[in-house]
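**Q** Contents of my_file-v4.cif (mmCIF, C-alpha atoms):
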```cif
data_target
loop_
_atom_site.label_atom_id
_atom_site.label_comp_id
_atom_site.auth_asym_id
_atom_site.auth_seq_id
_atom_site.Cartn_x
_atom_site.Cartn_y
_atom_site.Cartn_z
CA MET A 1395 39.36 -51.52 48.96
CA LYS A 1396 40.67 -48.30 50.48
CA ASP A 1397 37.32 -47.71 52.22
CA LEU A 1398 37.50 -51.17 53.79
CA ARG A 1399 41.00 -50.45 55.08
CA VAL A 1400 39.82 -47.18 56.65
CA LEU A 1401 36.86 -48.96 58.24
CA LYS A 1402 39.13 -51.69 59.59
CA TRP A 1403 41.47 -49.18 61.25
CA LEU A 1404 38.53 -47.26 62.68
CA GLY A 1405 37.41 -50.60 64.08
CA MET A 1406 40.80 -50.97 65.75
CA ILE A 1407 40.38 -47.50 67.30
CA CYS A 1408 36.96 -48.61 68.53
CA LEU A 1409 38.51 -51.75 70.05
CA LEU A 1410 41.24 -49.72 71.77
CA ALA A 1411 38.60 -47.29 73.03
CA GLY A 1412 36.74 -50.17 74.64
CA ILE A 1413 39.91 -51.49 76.28
CA ALA A 1414 40.72 -48.00 77.61
CA ARG A 1415 37.20 -47.65 79.02
CA ILE A 1416 37.42 -51.08 80.66
CA GLY A 1417 40.65 -49.90 82.30
CA MET A 1418 38.65 -47.39 84.34
CA THR A 1419 37.04 -50.13 86.44
CA PRO A 1420 40.17 -51.75 87.96
CA THR A 1421 41.90 -48.38 88.42
CA ALA A 1422 38.81 -47.01 90.22
CA ILE A 1423 38.75 -50.06 92.48
CA VAL A 1424 42.47 -49.85 93.29
CA TRP A 1425 43.10 -46.09 93.40
CA GLY A 1426 39.58 -44.73 93.87
CA THR A 1427 37.03 -42.88 91.76
CA ASP A 1428 38.35 -39.72 90.09
CA SER A 1429 41.93 -40.82 90.73
CA VAL A 1430 44.54 -39.83 88.14
CA PRO A 1431 44.87 -43.39 86.73
CA GLU A 1432 41.10 -43.75 86.34
CA LEU A 1433 40.69 -40.30 84.78
CA SER A 1434 43.60 -41.00 82.41
CA PHE A 1435 41.92 -44.14 81.12
CA GLY A 1436 38.61 -42.27 80.88
CA TYR A 1437 40.09 -39.33 79.00
CA ALA A 1438 41.83 -41.63 76.49
CA ALA A 1439 38.63 -43.65 76.10
CA CYS A 1440 36.52 -40.55 75.39
CA ILE A 1441 38.85 -39.35 72.63
CA LEU A 1442 39.13 -42.81 71.06
CA MET A 1443 35.36 -43.38 71.31
CA ALA A 1444 34.63 -40.03 69.66
CA ILE A 1445 36.66 -41.21 66.65
CA GLY A 1446 35.91 -44.94 66.74
CA SER A 1447 32.12 -44.49 66.96
CA ILE A 1448 32.20 -43.45 63.31
CA ALA A 1449 33.05 -47.05 62.42
CA GLY A 1450 29.72 -48.18 63.88
CA PHE A 1451 27.92 -46.09 61.27
CA LEU A 1452 30.20 -46.73 58.28
CA ALA A 1453 29.91 -50.50 58.70
CA GLN A 1454 26.10 -50.38 58.43
CA SER A 1455 25.35 -47.01 56.83
CA LYS A 1456 23.07 -48.47 54.15
CA GLU A 1457 21.09 -50.41 56.73
CA THR A 1458 20.73 -47.70 59.39
CA GLY A 1459 20.54 -44.56 57.20
CA LEU A 1460 20.06 -41.08 58.64
CA LEU A 1461 19.03 -42.31 62.09
CA GLY A 1462 22.22 -44.34 62.27
CA PHE A 1463 24.25 -41.25 61.43
CA ILE A 1464 22.41 -39.19 64.07
CA SER A 1465 22.96 -41.86 66.74
CA VAL A 1466 26.70 -42.11 66.05
CA LEU A 1467 27.08 -38.34 65.79
CA GLY A 1468 25.38 -38.01 69.18
CA MET A 1469 27.66 -40.66 70.68
CA SER A 1470 30.77 -38.91 69.31
CA VAL A 1471 29.66 -35.47 70.53
CA GLY A 1472 28.75 -36.95 73.92
CA ASN A 1473 32.26 -38.36 74.27
CA ILE A 1474 33.84 -35.07 73.19
CA LEU A 1475 31.85 -33.16 75.81
CA THR A 1476 32.69 -35.76 78.46
CA SER A 1477 36.40 -35.52 77.62
CA ALA A 1478 36.22 -31.74 78.06
CA LEU A 1479 34.69 -32.21 81.52
CA LEU A 1480 37.33 -34.78 82.43
CA PHE A 1481 40.09 -32.41 81.31
CA THR A 1482 38.94 -29.81 83.84
CA LEU A 1483 39.48 -32.38 86.61
CA PHE A 1484 43.12 -32.74 85.52
CA ILE A 1485 43.91 -29.04 85.69
CA LEU A 1486 42.10 -28.31 88.96
CA GLU A 1487 43.56 -28.88 92.40
CA PRO A 1488 42.01 -31.91 94.13
CA SER A 1489 40.60 -29.69 96.87
CA ALA A 1490 39.25 -27.08 94.44
CA PRO A 1491 35.46 -26.89 93.95
CA ARG A 1492 34.07 -28.47 90.80
CA PRO A 1493 33.37 -26.02 87.96
CA GLU A 1494 29.79 -24.80 87.70
CA GLY A 1495 27.77 -22.61 85.39
CA ALA A 1496 25.60 -22.76 82.29
CA MET A 1497 28.34 -24.07 79.98
CA VAL A 1498 29.18 -26.90 82.39
CA ALA A 1499 25.49 -27.81 82.72
CA ILE A 1500 25.08 -27.82 78.91
CA ALA A 1501 28.18 -29.97 78.49
CA GLN A 1502 26.96 -32.42 81.14
CA MET A 1503 23.49 -32.63 79.59
CA GLY A 1504 24.89 -33.02 76.07
CA GLY A 1505 27.29 -35.71 77.23
CA MET A 1506 24.49 -37.56 79.01
CA ILE A 1507 22.15 -37.43 76.00
CA GLY A 1508 24.90 -38.52 73.63
CA THR A 1509 26.03 -41.41 75.78
CA THR A 1510 22.54 -42.66 76.74
CA LEU A 1511 19.73 -41.83 74.30
CA CYS A 1512 21.93 -41.97 71.20
CA THR A 1513 23.51 -45.21 72.44
CA LEU A 1514 20.06 -46.74 72.89
CA LEU A 1515 19.07 -45.65 69.38
CA PHE A 1516 22.32 -47.09 68.01
CA ALA A 1517 21.69 -50.41 69.78
CA ILE A 1518 18.16 -50.68 68.35
CA LEU A 1519 19.30 -49.82 64.82
CA THR A 1520 22.24 -52.22 65.04
CA PHE A 1521 19.96 -55.03 66.21
CA ARG A 1522 17.55 -54.42 63.33
CA ALA A 1523 20.29 -54.02 60.70
CA LYS A 1524 21.68 -57.52 61.37
CA VAL A 1525 25.11 -56.51 60.06
CA PHE A 1526 26.82 -57.32 63.34
CA PRO A 1527 26.19 -60.39 65.50
CA ARG A 1528 23.21 -59.76 67.77
CA TRP A 1529 25.38 -59.86 70.89
CA VAL A 1530 26.99 -56.54 69.86
CA ALA A 1531 23.64 -54.74 70.17
CA VAL A 1532 22.94 -56.61 73.42
CA LEU A 1533 26.25 -55.35 74.87
CA PHE A 1534 25.23 -51.75 74.14
CA VAL A 1535 21.91 -52.32 75.93
CA LEU A 1536 23.71 -53.94 78.89
CA ASN A 1537 25.93 -50.87 78.98
CA LEU A 1538 22.88 -48.69 79.61
CA VAL A 1539 21.31 -51.12 82.08
CA SER A 1540 24.58 -51.21 84.07
CA MET A 1541 24.09 -47.53 84.91
CA PHE A 1542 21.55 -48.64 87.49
CA LEU A 1543 23.69 -51.22 89.30
CA PRO A 1544 23.44 -50.71 93.07
CA VAL A 1545 27.21 -50.32 93.48
CA GLU A 1546 28.97 -47.41 95.16
CA ASP A 1547 30.22 -44.96 92.50
CA ASN A 1548 29.09 -47.59 89.96
CA VAL A 1549 32.66 -48.54 89.07
CA TYR A 1550 31.38 -51.38 86.84
CA PHE A 1551 29.57 -49.07 84.41
CA ALA A 1552 32.84 -48.36 82.59
CA LEU A 1553 33.45 -52.11 82.26
CA PHE A 1554 30.17 -52.69 80.40
CA TRP A 1555 30.62 -49.52 78.36
CA GLY A 1556 34.07 -50.69 77.30
CA LEU A 1557 32.89 -54.21 76.47
CA ALA A 1558 30.30 -52.78 74.05
CA TYR A 1559 32.89 -50.79 72.12
CA ALA A 1560 35.48 -53.57 72.28
CA GLY A 1561 32.93 -56.02 70.84
CA LEU A 1562 31.98 -53.61 68.05
CA GLY A 1563 35.62 -52.90 67.21
CA PHE A 1564 36.55 -56.59 67.31
CA CYS A 1565 33.83 -57.47 64.79
CA ILE A 1566 34.92 -54.68 62.45
CA TRP A 1567 38.64 -55.48 62.73
CA THR A 1568 38.11 -59.22 62.15
CA GLY A 1569 35.46 -58.71 59.46
CA ARG A 1570 32.67 -60.48 61.37
CA MET A 1571 29.94 -58.52 59.65
CA THR A 1572 27.23 -59.44 57.17
CA PRO A 1573 25.88 -56.48 55.14
CA ARG A 1574 22.26 -56.78 54.01
CA SER A 1575 23.32 -57.31 50.37
CA GLN A 1576 25.26 -60.42 51.42
CA GLN A 1577 22.36 -61.57 53.62
CA ALA A 1578 20.02 -61.39 50.62
CA GLN A 1579 22.53 -63.18 48.40
CA HIS A 1580 22.95 -65.92 51.01
CA ALA A 1581 19.17 -66.31 51.27
CA ASP A 1582 18.87 -66.59 47.47
CA ASN A 1583 21.54 -69.29 47.38
CA SER A 1584 20.09 -71.31 50.25
CA PRO A 1585 18.76 -74.83 49.41
CA ARG A 1586 15.25 -73.83 50.50
CA SER A 1587 15.08 -70.83 48.18
CA ALA A 1588 16.64 -72.88 45.37
CA GLY A 1589 13.87 -75.47 45.76
CA LEU A 1590 11.20 -72.79 45.57
CA THR A 1591 12.53 -71.45 42.29
CA LYS A 1592 12.45 -74.84 40.56
#
```
How does this structure look as structure tokens?
**A**
Amino acid sequence: MKDLRVLKWLGMICLLAGIARIGMTPTAIVWGTDSVPELSFGYAACILMAIGSIAGFLAQSKETGLLGFISVLGMSVGNILTSALLFTLFILEPSAPRPEGAMVAIAQMGGMIGTTLCTLLFAILTFRAKVFPRWVAVLFVLNLVSMFLPVEDNVYFALFWGLAYAGLGFCIWTGRMTPRSQQAQHADNSPRSAGLTK
């Protein structure tokens, strides 16, 4: 019971993370890319996503196994690294040159791998696990596809990214999940399977 309560609250964090990420799109349109309002939403989203991503694994840990853990760990680390990069934009003067160097390059690469490859792996595993409605996995794929939208500064990428997390968090918070054990039990109790056992 306690584990379910923890999962539910992690789901709420995931939902809030999605809402915060969605907030980047309108603030970027109104105040511009890399504006303080947009970066504030992005920074909050990164921290919340780093924590809330754990819910995506806990809800389907039996179904996704080690690969599921690796995908969520990569997503969390990717968000942590991205939040560190965003923090540097807060403390630098607007006219100051962007930080460079090996550590920055590593952080950028790690953030990119965590938020792309690990997200794709998570989407595939989630689709196969069938714990969440299929549209949750589809939202994570759309998130990745939206990276290639031919829009200046791609301000809509954050919208799709946020929708994926908001959908995941919503399903966890409202309990719209079907673990494999319940799927098997439902199949055993179906009229068709009952007729086969007679």
**Q** Mind telling me what the PyMOL selection byres ((chain A and resi 1516) around 12) catches here, as JSON, numbers by chain?
**A** {"A": [1447, 1448, 1450, 1451, 1454, 1455, 1457, 1458, 1459, 1460, 1461, 1462, 1463, 1464, 1465, 1466, 1467, 1468, 1469, 1470, 1508, 1509, 1510, 1511, 1512, 1513, 1514, 1515, 1517, 1518, 1519, 1520, 1521, 1522, 1523, 1530, 1531, 1532, 1533, 1534, 1535, 1538, 1558, 1559, 1562]}
**Q** For the structure shown, which residues end up in the PyMOL selection byres ((chain A and resi 1479) around 10)? Put them as a VMD selection string, please?
**A** chain A and resid 1437 1473 to 1478 1480 to 1484 1493 1498 1501 to 1502 1505
**Q** Give me the residues of segment 1472-1553 of chain A that have any atom at most 10 Å from an atom of segment 1419-1430 of chain A; for each, the nearest atom pair and the distance in Å, rounded to one decimal. Use all atoms listed in the file, sort by chain and number, and format it as CSV.
**A**
```
residue,atom,partner,partner_atom,distance
A:Leu1480,CA,A:Asp1428,CA,9.2
A:Leu1483,CA,A:Asp1428,CA,8.2
A:Phe1484,CA,A:Val1430,CA,7.7
A:Pro1488,CA,A:Asp1428,CA,9.5
A:Glu1546,CA,A:Thr1427,CA,9.9
A:Asp1547,CA,A:Thr1427,CA,7.2
A:Asn1548,CA,A:Thr1419,CA,9.1
A:Val1549,CA,A:Thr1419,CA,5.4
A:Tyr1550,CA,A:Thr1419,CA,5.8
A:Phe1551,CA,A:Thr1419,CA,7.8
A:Ala1552,CA,A:Thr1419,CA,6.0
A:Leu1553,CA,A:Thr1419,CA,5.9
```
**Q** Show me, as a list in words, the residues that have an atom within 10 Å of Cys1408 of chain A when counting all atoms listed in the file, minus same-chain residues fewer than 3 positions from it.
**A** Lys1402, Trp1403, Leu1404, Gly1405, Ala1411, Gly1412, Ile1413, Ala1414, Ala1439, Leu1442, Met1443, Ala1444, Ile1445, Gly1446, Ser1447, Ile1448, Ala1449, Gly1450, Gly1556, Ala1558, Tyr1559, Ala1560, Gly1561, Leu1562, Gly1563, Phe1564, Ile1566 and Trp1567 of chain A
**Q** May I ask for the distance between atom CA of Val1400 of chain A and atom CA of Cys1565 of chain A, given in Å to one decimal place?
**A**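 A separation of 14.4 Å between them.
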**Q** Have a look at atom CA of Phe1526 of chain A and atom CA of Thr1572 of chain A and let me know their distance in Å, one decimal.
**A** 6.5 Å
